[in-house]
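A.B. asks: Supplied structure: query.txt, compact mmCIF, C-alpha atoms.
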```
# COMPACT_ATOMS: atom_id res chain seq x y z
CA MET A 592 17.11 -19.00 -21.04
CA SER A 593 19.52 -18.98 -23.96
CA ALA A 594 22.07 -16.25 -23.21
CA PRO A 595 22.79 -15.15 -19.65
CA PRO A 596 21.15 -11.80 -18.87
CA LYS A 597 23.55 -8.91 -18.90
CA SER A 598 23.66 -5.59 -17.14
CA ALA A 599 23.81 -2.31 -19.01
CA ALA A 600 27.15 -1.53 -17.38
CA SER A 601 28.75 -4.67 -18.84
CA TYR A 602 28.03 -3.24 -22.32
CA GLY A 603 29.49 0.13 -21.33
CA LEU A 604 25.98 1.57 -21.25
CA CYS A 605 24.88 3.88 -18.51
CA SER A 606 21.33 4.79 -17.60
CA CYS A 607 20.64 8.32 -16.40
CA HIS A 608 19.22 8.38 -12.89
CA VAL A 609 16.96 11.33 -13.65
CA CYS A 610 15.54 10.65 -17.12
CA ARG A 611 16.52 6.98 -17.44
CA LEU A 612 17.93 7.39 -20.94
CA VAL A 613 20.44 4.65 -21.72
CA SER A 614 23.57 6.07 -23.32
CA ARG A 615 27.09 4.89 -24.11
CA ARG A 616 30.04 6.21 -22.19
CA THR A 617 33.17 6.35 -24.30
CA ASP A 618 35.56 8.76 -22.65
CA PHE A 619 36.22 7.52 -19.12
CA SER A 620 38.74 10.21 -18.24
CA ALA A 621 36.22 13.06 -18.16
CA PRO A 622 32.86 13.08 -16.34
CA ALA A 623 30.04 12.29 -18.74
CA LEU A 624 26.71 14.09 -18.95
CA CYS A 625 23.41 12.59 -20.03
CA PRO A 626 22.74 13.65 -23.66
CA ARG A 627 19.06 14.24 -22.93
CA CYS A 628 18.94 16.00 -19.58
CA GLY A 629 22.53 16.93 -18.78
CA THR A 630 22.73 15.05 -15.47
CA LEU A 631 26.11 13.69 -14.42
CA LEU A 632 26.24 10.00 -15.37
CA HIS A 633 27.44 7.21 -13.11
CA PHE A 634 27.41 3.46 -13.73
CA ARG A 635 26.82 3.02 -9.99
CA ARG A 636 26.18 5.57 -7.28
CA PRO A 637 29.63 6.85 -6.34
CA ARG A 638 31.01 5.52 -3.02
CA SER A 639 27.59 4.10 -2.29
CA VAL A 640 28.70 1.52 0.28
CA THR A 641 30.97 3.87 2.26
CA ARG A 642 28.40 6.66 2.45
CA CYS A 643 25.62 4.25 3.34
CA TRP A 644 27.73 2.75 6.17
CA ALA A 645 28.54 6.22 7.52
CA LEU A 646 24.89 7.26 7.65
CA LEU A 647 23.84 3.89 9.01
CA ILE A 648 26.38 3.93 11.85
CA ALA A 649 25.27 7.45 12.76
CA SER A 650 21.67 6.20 12.88
CA PHE A 651 22.63 3.25 15.09
CA ILE A 652 24.27 5.63 17.56
CA LEU A 653 21.32 8.02 17.59
CA TYR A 654 18.90 5.12 17.91
CA ILE A 655 19.96 4.72 21.56
CA PRO A 656 19.01 8.25 22.77
CA ALA A 657 15.96 8.11 20.51
CA ASN A 658 14.61 5.21 22.56
CA THR A 659 15.90 6.04 26.03
CA LEU A 660 15.27 9.80 26.24
CA THR A 661 11.88 11.40 26.82
CA ILE A 662 10.02 12.07 23.61
CA MET A 663 7.02 13.81 25.19
CA GLU A 664 6.14 15.36 28.56
CA THR A 665 2.49 15.61 29.49
CA GLY A 666 1.45 17.67 32.49
CA SER A 667 -1.93 18.62 33.86
CA LEU A 668 -3.48 19.55 37.20
CA ILE A 669 -3.79 15.96 38.27
CA SER A 670 -1.01 14.09 36.54
CA TYR A 671 2.45 14.36 35.06
CA ARG A 672 4.03 11.89 32.65
CA ARG A 673 7.33 11.60 30.82
CA ASP A 674 7.12 9.20 27.93
CA THR A 675 9.72 7.51 25.83
CA ILE A 676 8.57 6.00 22.55
CA LEU A 677 7.94 2.59 24.11
CA SER A 678 6.29 3.81 27.31
CA GLY A 679 4.00 6.02 25.20
CA ILE A 680 2.88 2.98 23.24
CA VAL A 681 2.36 0.95 26.43
CA HIS A 682 0.29 3.82 27.85
CA LEU A 683 -1.86 3.90 24.70
CA TRP A 684 -2.37 0.13 24.94
CA ASN A 685 -3.28 0.26 28.63
CA THR A 686 -5.80 3.03 28.06
CA GLY A 687 -7.57 0.85 25.53
CA SER A 688 -6.49 2.40 22.20
CA TYR A 689 -5.28 -0.93 20.85
CA LEU A 690 -5.44 -0.02 17.16
CA ILE A 691 -3.57 3.25 17.56
CA ALA A 692 -1.03 1.57 19.84
CA ALA A 693 -0.43 -1.02 17.12
CA VAL A 694 -0.09 1.64 14.40
CA VAL A 695 2.41 3.67 16.45
CA PHE A 696 4.31 0.49 17.36
CA ILE A 697 4.70 -0.42 13.70
CA ALA A 698 5.70 3.09 12.63
CA SER A 699 8.06 3.97 15.49
CA VAL A 700 9.52 0.64 16.61
CA THR A 701 9.19 -1.97 13.87
CA ILE A 702 10.03 0.17 10.85
CA PRO A 703 13.19 1.89 12.20
CA LEU A 704 14.52 -1.46 13.51
CA LEU A 705 13.66 -3.17 10.25
CA LYS A 706 15.49 -0.45 8.33
CA LEU A 707 18.61 -0.57 10.47
CA ILE A 708 18.84 -4.37 10.39
CA SER A 709 18.00 -4.76 6.70
CA LEU A 710 20.42 -2.07 5.55
CA THR A 711 23.18 -3.67 7.61
CA LEU A 712 22.36 -7.03 6.04
CA LEU A 713 22.27 -5.58 2.54
CA LEU A 714 25.57 -3.75 2.99
CA ILE A 715 27.37 -6.78 4.40
CA SER A 716 26.02 -9.05 1.67
CA VAL A 717 27.10 -6.57 -1.02
CA GLN A 718 30.58 -6.22 0.45
CA ARG A 719 30.97 -9.99 0.59
CA ARG A 720 29.83 -10.11 -3.04
CA SER A 721 27.20 -12.61 -1.95
CA LEU A 722 25.14 -14.51 -4.51
CA TRP A 723 22.43 -15.27 -1.95
CA HIS A 724 18.84 -14.61 -3.12
CA PRO A 725 19.46 -11.40 -5.10
CA ARG A 726 15.81 -11.08 -6.09
CA GLU A 727 14.62 -11.20 -2.49
CA ARG A 728 17.31 -8.76 -1.36
CA THR A 729 16.24 -6.33 -4.08
CA ARG A 730 12.64 -6.70 -2.98
CA LEU A 731 13.68 -6.02 0.62
CA TYR A 732 15.37 -2.81 -0.55
CA ARG A 733 12.27 -1.69 -2.47
CA MET A 734 10.18 -2.29 0.65
CA LEU A 735 12.58 -0.16 2.72
CA GLU A 736 12.22 2.71 0.26
CA LEU A 737 8.46 2.45 0.56
CA VAL A 738 7.97 2.19 4.32
CA GLY A 739 10.84 4.35 5.62
CA ARG A 740 8.89 7.62 5.63
CA TRP A 741 6.17 6.31 7.94
CA SER A 742 8.48 6.54 10.95
CA MET A 743 7.97 10.31 10.88
CA LEU A 744 4.57 9.61 12.44
CA ASP A 745 5.70 10.16 16.03
CA ILE A 746 7.39 13.44 15.15
CA TYR A 747 4.13 14.77 13.74
CA VAL A 748 2.11 13.57 16.72
CA VAL A 749 4.50 15.22 19.17
CA THR A 750 4.47 18.44 17.13
CA LEU A 751 0.67 18.61 16.98
CA LEU A 752 0.19 17.85 20.65
CA ALA A 753 2.94 20.15 21.89
CA ALA A 754 1.62 23.01 19.77
CA LEU A 755 -2.02 22.50 20.67
CA VAL A 756 -1.97 21.62 24.35
CA GLN A 757 -0.62 24.85 25.86
CA LEU A 758 -3.33 25.67 28.37
CA GLY A 759 -1.25 27.15 31.16
CA ASN A 760 -1.80 25.25 34.43
CA MET A 761 -4.61 23.14 33.02
CA ALA A 762 -2.60 21.01 30.64
CA VAL A 763 0.75 21.30 28.90
CA VAL A 764 2.47 18.98 26.46
CA LYS A 765 6.16 19.45 25.66
CA ALA A 766 8.40 17.75 23.16
CA GLY A 767 11.42 16.08 24.72
CA PRO A 768 15.03 15.63 23.53
CA GLY A 769 14.25 12.06 22.46
CA ALA A 770 12.11 13.45 19.65
CA VAL A 771 15.11 15.23 18.13
CA ALA A 772 17.20 12.06 18.21
CA PHE A 773 14.34 10.02 16.80
CA GLY A 774 13.74 12.50 13.98
CA ALA A 775 17.45 12.38 13.17
CA VAL A 776 17.31 8.56 12.98
CA VAL A 777 14.41 8.74 10.52
CA VAL A 778 16.12 11.30 8.30
CA LEU A 779 19.53 9.60 8.42
CA THR A 780 18.12 6.16 7.59
CA MET A 781 16.22 7.69 4.68
CA PHE A 782 19.44 9.22 3.37
CA ALA A 783 21.23 5.92 3.96
CA SER A 784 18.74 3.92 1.92
CA MET A 785 18.91 6.56 -0.85
CA GLN A 786 22.69 6.17 -0.95
CA PHE A 787 22.52 2.40 -1.26
CA ASP A 788 22.70 1.22 -4.85
CA PRO A 789 20.64 -1.99 -5.31
CA ARG A 790 22.45 -2.73 -8.58
CA LEU A 791 25.46 -3.69 -6.47
CA ILE A 792 23.44 -6.73 -5.33
CA TRP A 793 23.47 -8.02 -8.90
CA ASP A 794 27.02 -7.16 -9.90
CA PRO A 795 28.72 -10.29 -8.45
CA MET A 796 26.42 -12.48 -10.56
CA GLN A 797 27.39 -10.51 -13.60
CA ARG A 798 31.07 -11.06 -12.98
CA LYS A 799 30.49 -14.79 -12.58
CA GLU A 800 28.41 -15.10 -15.73
CA THR A 801 30.77 -13.09 -17.91
CA HIS A 802 33.82 -15.05 -16.74
CA ASP A 803 32.27 -18.50 -17.00
CA MET B 424 0.73 7.41 -29.12
CA ALA B 425 2.98 5.23 -31.25
CA GLU B 426 5.61 3.42 -29.25
CA GLN B 427 9.15 3.47 -30.52
CA PRO B 428 9.88 -0.21 -30.83
CA GLY B 429 12.84 -1.74 -29.09
CA GLN B 430 14.27 1.23 -27.26
CA LEU B 431 16.88 0.12 -24.74
CA ILE B 432 16.05 0.40 -21.07
CA ALA B 433 18.07 -0.55 -18.00
CA CYS B 434 16.37 -1.64 -14.81
CA HIS B 435 17.14 0.83 -12.05
CA TYR B 436 17.27 -1.88 -9.41
CA CYS B 437 19.42 -4.53 -11.09
CA ASP B 438 20.78 -2.80 -14.21
CA LEU B 439 19.54 -5.54 -16.53
CA LEU B 440 19.55 -4.27 -20.10
CA GLN B 441 16.22 -4.85 -21.79
CA ARG B 442 14.20 -3.66 -24.78
CA GLU B 443 10.96 -1.77 -24.33
CA ILE B 444 7.82 -3.44 -25.57
CA PRO B 445 4.52 -1.73 -26.39
CA LEU B 446 2.01 -2.02 -23.56
CA ASN B 447 -1.76 -2.00 -23.45
CA PRO B 448 -3.24 0.95 -21.55
CA GLY B 449 -3.01 0.51 -17.79
CA CYS B 450 -0.42 -2.26 -18.03
CA ILE B 451 2.91 -2.34 -16.26
CA ALA B 452 6.23 -3.60 -17.61
CA SER B 453 8.39 -5.16 -14.94
CA CYS B 454 12.01 -6.24 -14.99
CA SER B 455 12.43 -9.84 -16.06
CA ARG B 456 15.22 -10.42 -13.56
CA CYS B 457 14.29 -8.62 -10.33
CA GLY B 458 10.61 -7.85 -10.85
CA ALA B 459 10.84 -4.07 -10.31
CA VAL B 460 8.46 -1.85 -12.27
CA LEU B 461 10.20 -0.54 -15.40
CA TYR B 462 7.46 1.66 -16.83
CA ARG B 463 3.71 1.92 -17.17
CA ASN B 464 1.38 2.75 -19.98
CA ALA B 465 -0.62 5.35 -18.09
CA THR B 466 -3.59 6.56 -20.11
CA ASP B 467 -3.68 10.36 -20.62
CA SER B 468 -0.98 10.62 -18.02
CA VAL B 469 -0.37 14.36 -18.56
CA ASP B 470 -4.04 15.43 -18.52
CA ARG B 471 -5.00 13.28 -15.59
CA THR B 472 -1.97 14.14 -13.49
CA LEU B 473 -2.50 17.83 -14.20
CA ALA B 474 -6.13 17.64 -13.09
CA PHE B 475 -5.28 15.87 -9.83
CA CYS B 476 -2.30 18.14 -9.31
CA LEU B 477 -4.30 21.39 -9.62
CA ALA B 478 -7.02 20.03 -7.34
CA ALA B 479 -4.35 19.01 -4.83
CA ALA B 480 -2.80 22.49 -4.99
CA VAL B 481 -6.12 24.12 -4.07
CA LEU B 482 -6.65 21.70 -1.20
CA PHE B 483 -3.09 22.21 -0.04
CA LEU B 484 -3.83 25.94 0.34
CA VAL B 485 -7.06 25.23 2.23
CA ALA B 486 -5.32 22.67 4.45
CA ASN B 487 -2.67 25.22 5.38
CA ALA B 488 -4.95 28.20 5.84
CA PHE B 489 -7.50 26.72 8.24
CA PRO B 490 -7.15 25.14 11.68
CA ILE B 491 -6.72 21.36 11.81
CA PHE B 492 -8.61 20.96 15.06
CA SER B 493 -9.23 22.75 18.31
CA ILE B 494 -9.61 21.59 21.91
CA GLU B 495 -11.81 22.98 24.63
CA VAL B 496 -11.30 22.65 28.37
CA SER B 497 -13.63 24.49 30.74
CA GLY B 498 -14.08 27.43 28.41
CA ASP B 499 -10.42 27.60 27.39
CA ARG B 500 -10.03 27.01 23.69
CA SER B 501 -6.91 26.26 21.71
CA GLN B 502 -6.64 25.64 17.99
CA ILE B 503 -3.80 25.09 15.53
CA THR B 504 -2.95 25.30 11.90
CA LEU B 505 -0.02 23.35 10.46
CA TYR B 506 2.12 26.47 10.18
CA GLY B 507 1.04 27.55 13.66
CA ALA B 508 2.31 24.23 15.00
CA VAL B 509 5.66 24.76 13.29
CA VAL B 510 5.99 28.27 14.78
CA SER B 511 4.94 27.08 18.22
CA LEU B 512 7.59 24.34 18.25
CA TRP B 513 10.19 26.87 17.13
CA ASP B 514 9.24 29.13 20.06
CA GLN B 515 9.47 26.17 22.45
CA GLN B 516 13.14 25.81 21.45
CA MET B 517 12.49 22.56 19.59
CA LYS B 518 13.94 24.08 16.43
CA THR B 519 15.17 20.85 14.86
CA ILE B 520 11.73 19.27 15.00
CA SER B 521 10.09 22.48 13.87
CA VAL B 522 12.32 22.60 10.78
CA MET B 523 11.78 18.90 10.09
CA VAL B 524 8.01 19.29 10.11
CA PHE B 525 8.14 22.53 8.12
CA VAL B 526 10.24 20.92 5.39
CA THR B 527 8.45 17.57 5.10
CA ALA B 528 4.85 18.72 5.53
CA ILE B 529 4.89 22.19 3.93
CA VAL B 530 7.92 22.99 1.77
CA MET B 531 8.45 19.69 -0.04
CA PRO B 532 4.76 19.08 -0.95
CA ALA B 533 4.47 22.73 -2.07
CA VAL B 534 7.57 22.52 -4.26
CA GLU B 535 6.35 19.25 -5.72
CA LEU B 536 2.87 20.58 -6.53
CA VAL B 537 4.13 23.86 -8.00
CA SER B 538 6.85 22.38 -10.18
CA MET B 539 4.64 19.54 -11.35
CA SER B 540 1.76 21.91 -12.22
CA LEU B 541 4.04 24.29 -14.14
CA LEU B 542 5.70 21.45 -16.01
CA LEU B 543 2.46 19.73 -16.97
CA LEU B 544 0.67 22.99 -17.86
CA SER B 545 3.34 23.89 -20.39
CA LEU B 546 3.32 20.35 -21.78
CA LYS B 547 -0.45 20.54 -22.12
CA TYR B 548 -0.10 23.68 -24.24
CA HIS B 549 2.76 22.14 -26.23
CA ARG B 550 5.40 24.48 -24.91
CA VAL B 551 8.85 23.49 -23.78
CA PRO B 552 8.97 24.68 -20.18
CA PRO B 553 12.07 26.77 -19.52
CA GLY B 554 14.58 24.90 -17.41
CA TYR B 555 12.63 21.65 -17.65
CA THR B 556 15.59 19.49 -16.66
CA LEU B 557 15.77 21.44 -13.43
CA PHE B 558 12.06 20.76 -12.82
CA MET B 559 12.47 17.04 -13.46
CA ARG B 560 15.51 16.84 -11.23
CA THR B 561 13.77 18.79 -8.47
CA LEU B 562 10.74 16.51 -8.65
CA GLN B 563 12.90 13.46 -8.26
CA TYR B 564 14.74 14.78 -5.20
CA VAL B 565 11.62 16.24 -3.58
CA GLN B 566 9.27 13.28 -3.90
CA PRO B 567 10.63 11.06 -1.11
CA TRP B 568 10.50 13.96 1.37
CA GLY B 569 6.91 15.08 0.93
CA MET B 570 5.07 13.26 3.71
CA VAL B 571 1.49 14.54 3.66
CA GLU B 572 0.05 11.03 4.07
CA VAL B 573 2.20 10.38 7.14
CA PHE B 574 1.13 13.74 8.57
CA MET B 575 -2.48 12.74 7.98
CA LEU B 576 -1.95 9.60 10.06
CA GLY B 577 -0.26 11.80 12.66
CA ILE B 578 -3.40 13.92 12.85
CA LEU B 579 -5.52 10.82 13.42
CA VAL B 580 -3.25 9.49 16.16
CA SER B 581 -3.24 12.89 17.88
CA LEU B 582 -7.03 13.00 17.68
CA VAL B 583 -7.29 9.69 19.51
CA LYS B 584 -4.75 10.78 22.14
CA LEU B 585 -6.61 14.05 22.71
CA THR B 586 -10.15 12.72 22.92
CA GLY B 587 -9.24 11.05 26.22
CA SER B 588 -8.81 14.33 28.07
CA PHE B 589 -10.38 17.07 25.94
CA LYS B 590 -13.37 17.96 23.86
CA VAL B 591 -11.95 17.97 20.34
CA ILE B 592 -13.54 19.95 17.51
CA PRO B 593 -12.35 18.96 14.02
CA GLY B 594 -11.49 21.84 11.70
CA ILE B 595 -11.68 22.40 7.94
CA ALA B 596 -8.03 21.52 7.43
CA LEU B 597 -8.59 18.06 8.93
CA TRP B 598 -10.92 17.12 6.08
CA SER B 599 -8.75 18.93 3.55
CA PHE B 600 -5.71 16.89 4.58
CA GLY B 601 -7.74 13.73 4.17
CA VAL B 602 -8.76 14.60 0.62
CA LEU B 603 -5.28 15.96 -0.16
CA THR B 604 -3.77 12.61 0.83
CA MET B 605 -6.01 10.82 -1.64
CA LEU B 606 -5.33 13.34 -4.41
CA LEU B 607 -1.57 13.08 -3.92
CA ALA B 608 -1.84 9.30 -4.15
CA ALA B 609 -3.74 9.77 -7.43
CA VAL B 610 -1.04 12.15 -8.70
CA ALA B 611 1.67 9.63 -7.86
CA SER B 612 -0.12 6.81 -9.61
CA CYS B 613 -0.87 8.82 -12.78
CA PHE B 614 2.42 10.65 -13.22
CA SER B 615 4.76 8.96 -15.65
CA THR B 616 8.25 10.40 -16.00
CA ARG B 617 8.75 8.30 -19.10
CA ASP B 618 5.75 9.94 -20.79
CA VAL B 619 6.90 13.40 -19.80
CA TRP B 620 10.41 12.82 -21.17
CA ARG B 621 9.01 11.42 -24.38
CA ARG B 622 6.81 14.48 -24.87
CA LEU B 623 9.62 16.84 -23.98
CA GLU B 624 11.91 15.12 -26.47
CA ARG B 625 9.35 15.45 -29.24
CA LEU B 626 8.72 19.12 -28.44
CA VAL B 627 12.42 19.92 -28.38
CA GLU B 628 13.00 18.11 -31.67
CA GLY B 629 10.04 19.94 -33.22
CA ARG B 630 11.51 23.25 -32.16
CA GLY B 631 14.79 22.32 -33.82
CA ASP B 632 17.05 23.59 -31.08
CA ARG B 633 17.74 23.02 -27.41
```
Would you encode the structure as structure tokens?
C.D. replies:
Amino acid sequence: MSAPPKSAASYGLCSCHVCRLVSRRTDFSAPALCPRCGTLLHFRRPRSVTRCWALLIASFILYIPANTLTIMETGSLISYRRDTILSGIVHLWNTGSYLIAAVVFIASVTIPLLKLISLTLLLISVQRRSLWHPRERTRLYRMLELVGRWSMLDIYVVTLLAALVQLGNMAVVKAGPGAVAFGAVVVLTMFASMQFDPRLIWDPMQRKETHD
Amino acid sequence: MAEQPGQLIACHYCDLLQREIPLNPGCIASCSRCGAVLYRNATDSVDRTLAFCLAAAVLFLVANAFPIFSIEVSGDRSQITLYGAVVSLWDQQMKTISVMVFVTAIVMPAVELVSMSLLLLSLKYHRVPPGYTLFMRTLQYVQPWGMVEVFMLGILVSLVKLTGSFKVIPGIALWSFGVLTMLLAAVASCFSTRDVWRRLERLVEGRGDR
């Protein structure tokens, strides 16, 4: 490559996050609006790291009750069960629904953990202005955006079962407090990954290239 | 459609400044530094998206109006619709979950389908939709929160869990949600914000005012 690649921000250009129009910001004292769609322009998402940390820490805290509290109570004439997320999956596996157990395991255990760990990693690496594998870190972020929503699976299952199985003494399914905490983790981690600005991953490289 | 040569574009994942190049139909331009998709040349993006979008809107109504499935135990029968499930959870004092499901499975997909249909219909008839920036902004904020495909998987998992203890009868909405999931995927793959903005720009210029 002849010239080092440069970011739009290093030219004083700003791309609108709604319509993607690239425009020049001249007056830095006043807030600038996109000339095409009128959205407030930012070079980077404002206070991205702080907000992302706040949401992420909240999710870490809620992750504990989400996994330890009951997510679903199942009662019938002959049996009564209280299930947490993990015990529900184990029960599915033991009753022979291997595929469904695997799907629920991926959606409710793997994905939330992956999100929490990866966002922590991304935030720390951005704060340390790390130059480590920026392309792979960006790809990791894109994957998080894509898979995050699938954790809602358990919330929907609990909702459907609790609404449907209300047969008096015969069989009753109830949603437990764990479901609320789990739902909150899903929503908070989604907000956290929306707050994270992946362009921050590339900014340290920019600095280095422009100064060299 | 003639491409404007060399328009500047910044990658939304790494902020690399690049120039647009004309693409063959169906091709994708990706960022030369981080590999993210910059834009696509989607053929007939407005017409196709509109078609899928209207079809999805019809199925969305069907999926919400009819029961998803019902169970039968010794003569006792219980059935639910999506909205019925939301109401039932609300009555069981699980209000947070009820609201969560209501927003992600009903409100957000509905807002997305309505605003996208209105926007594309006016573009199709070469009108500048009133408040189009609001529509575009709404679409962007709404899209991550519409989770019909996840709900569909939720239905399947519930089906498997139920078949162990009950006789389960699938309802019309079950099939509708299946088709709706596919249609929404088609909408997402056809819709091109870049195309819409380009058309809007041309229409606004043609009108001579804003």
A.B. asks: Looking at A:Asp788, A:Asp618, A:Asp794, A:Asp745, which one is nearest to A:Val700, with distances taken over all atoms listed in the file?
C.D. replies: A:Asp745
A.B. asks: Which residues, written as a ChimeraX atom specification, have at least one atom at most 9 Å from A:Arg720, with only C-alpha atoms counted and residues fewer than 3 positions away on the same chain left out?
C.D. replies: /A:715-717,791-796
A.B. asks: Up to 6 Å from chain A, what residues of chain B turn up? Count all atoms listed in the file and give them as a short mmCIF file (atom, residue, chain, number, x, y, z; two decimals) with C-alpha atoms, in the frame of the given file.
C.D. replies:
```cif
data_model
loop_
_atom_site.label_atom_id
_atom_site.label_comp_id
_atom_site.auth_asym_id
_atom_site.auth_seq_id
_atom_site.Cartn_x
_atom_site.Cartn_y
_atom_site.Cartn_z
CA TYR B 436 17.27 -1.88 -9.41
CA CYS B 437 19.42 -4.53 -11.09
CA ASP B 438 20.78 -2.80 -14.21
CA LEU B 439 19.54 -5.54 -16.53
CA LEU B 440 19.55 -4.27 -20.10
CA CYS B 457 14.29 -8.62 -10.33
CA ALA B 508 2.31 24.23 15.00
CA SER B 511 4.94 27.08 18.22
CA THR B 556 15.59 19.49 -16.66
CA VAL B 573 2.20 10.38 7.14
CA GLY B 577 -0.26 11.80 12.66
CA SER B 581 -3.24 12.89 17.88
#
```
A.B. asks: Could you check which of B:Val530, B:Gly507, B:Leu512, B:Leu546 is closest to B:Arg621, using only C-alpha atoms?
C.D. replies: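 For B:Arg621, the nearest of the candidates is B:Leu546.
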A.B. asks: Mind checking which residues fall within 9 Å of B:Ser468, counting all atoms listed in the file, ignoring those fewer than 3 positions away in the same chain, and posting them as a ChimeraX atom specification?
C.D. replies: /B:464-465,471-473,613-615,618-619
A.B. asks: Could you tell me which of A:Ile648, A:Ile655, A:Ile676, A:Ala693 comes closest to A:Leu707 if we count all atoms listed in the file?
C.D. replies: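 Looking at the shortest contact to A:Leu707, the residue is A:Ile648.
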A.B. asks: So how far away is atom CA of A:Pro703 from atom CA of B:Val460, in Å?
C.D. replies: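 Taking atom CA of B:Val460 as the start and atom CA of A:Pro703 as the end point, the length is 25.2 Å.
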A.B. asks: Quick one: of B:Leu557, B:Val565, B:Ile494, B:Leu431, who's nearest to B:Lys584, counting all atoms listed in the file?
C.D. replies: B:Ile494
A.B. asks: Show me as a PyMOL selection string the residues that reach within 12 Å of (24.4, 4.6, 14.8), counting all atoms listed in the file and using the file's own coordinates.
C.D. replies: chain A and resi 643-657+703-704+707-708+711+772-773+775-777+779-780+783
A.B. asks: Which value, in Å to one decimal, gives the distance between atom CA of B:Val485 and atom CA of B:Leu603?
C.D. replies: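 Calculated distance between atom CA of B:Val485 and atom CA of B:Leu603 is 9.7 Å.
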A.B. asks: Using Å and a single decimal, report how far atom CA of B:Trp620 sits from atom CA of B:Ala479.
C.D. replies: 22.9 Å
A.B. asks: Assuming 3 Å of padding per side, give the centre and edge lengths of the axis-aligned box around every listed atom of stretch 461-468 of chain B, in Å to one decimal and as JSON.
C.D. replies:
```
{"center_x": 3.3, "center_y": 5.0, "center_z": -18.0, "size_x": 19.9, "size_y": 17.2, "size_z": 11.2}
```
A.B. asks: Select, from B:Ala609, B:Met517, B:Leu543, B:Leu597, the residue with the minimum atom-to-atom distance to B:Leu576, counting all atoms listed in the file.
C.D. replies: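 Answer, going by the shortest atom-to-atom distance: B:Leu597.
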A.B. asks: Looking at A:Pro637, A:His682, A:Phe787, A:Val764, which one is nearest to A:Gly666, with distances taken over only C-alpha atoms?
C.D. replies: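 Ranked by minimum distance to A:Gly666, first place goes to A:Val764.
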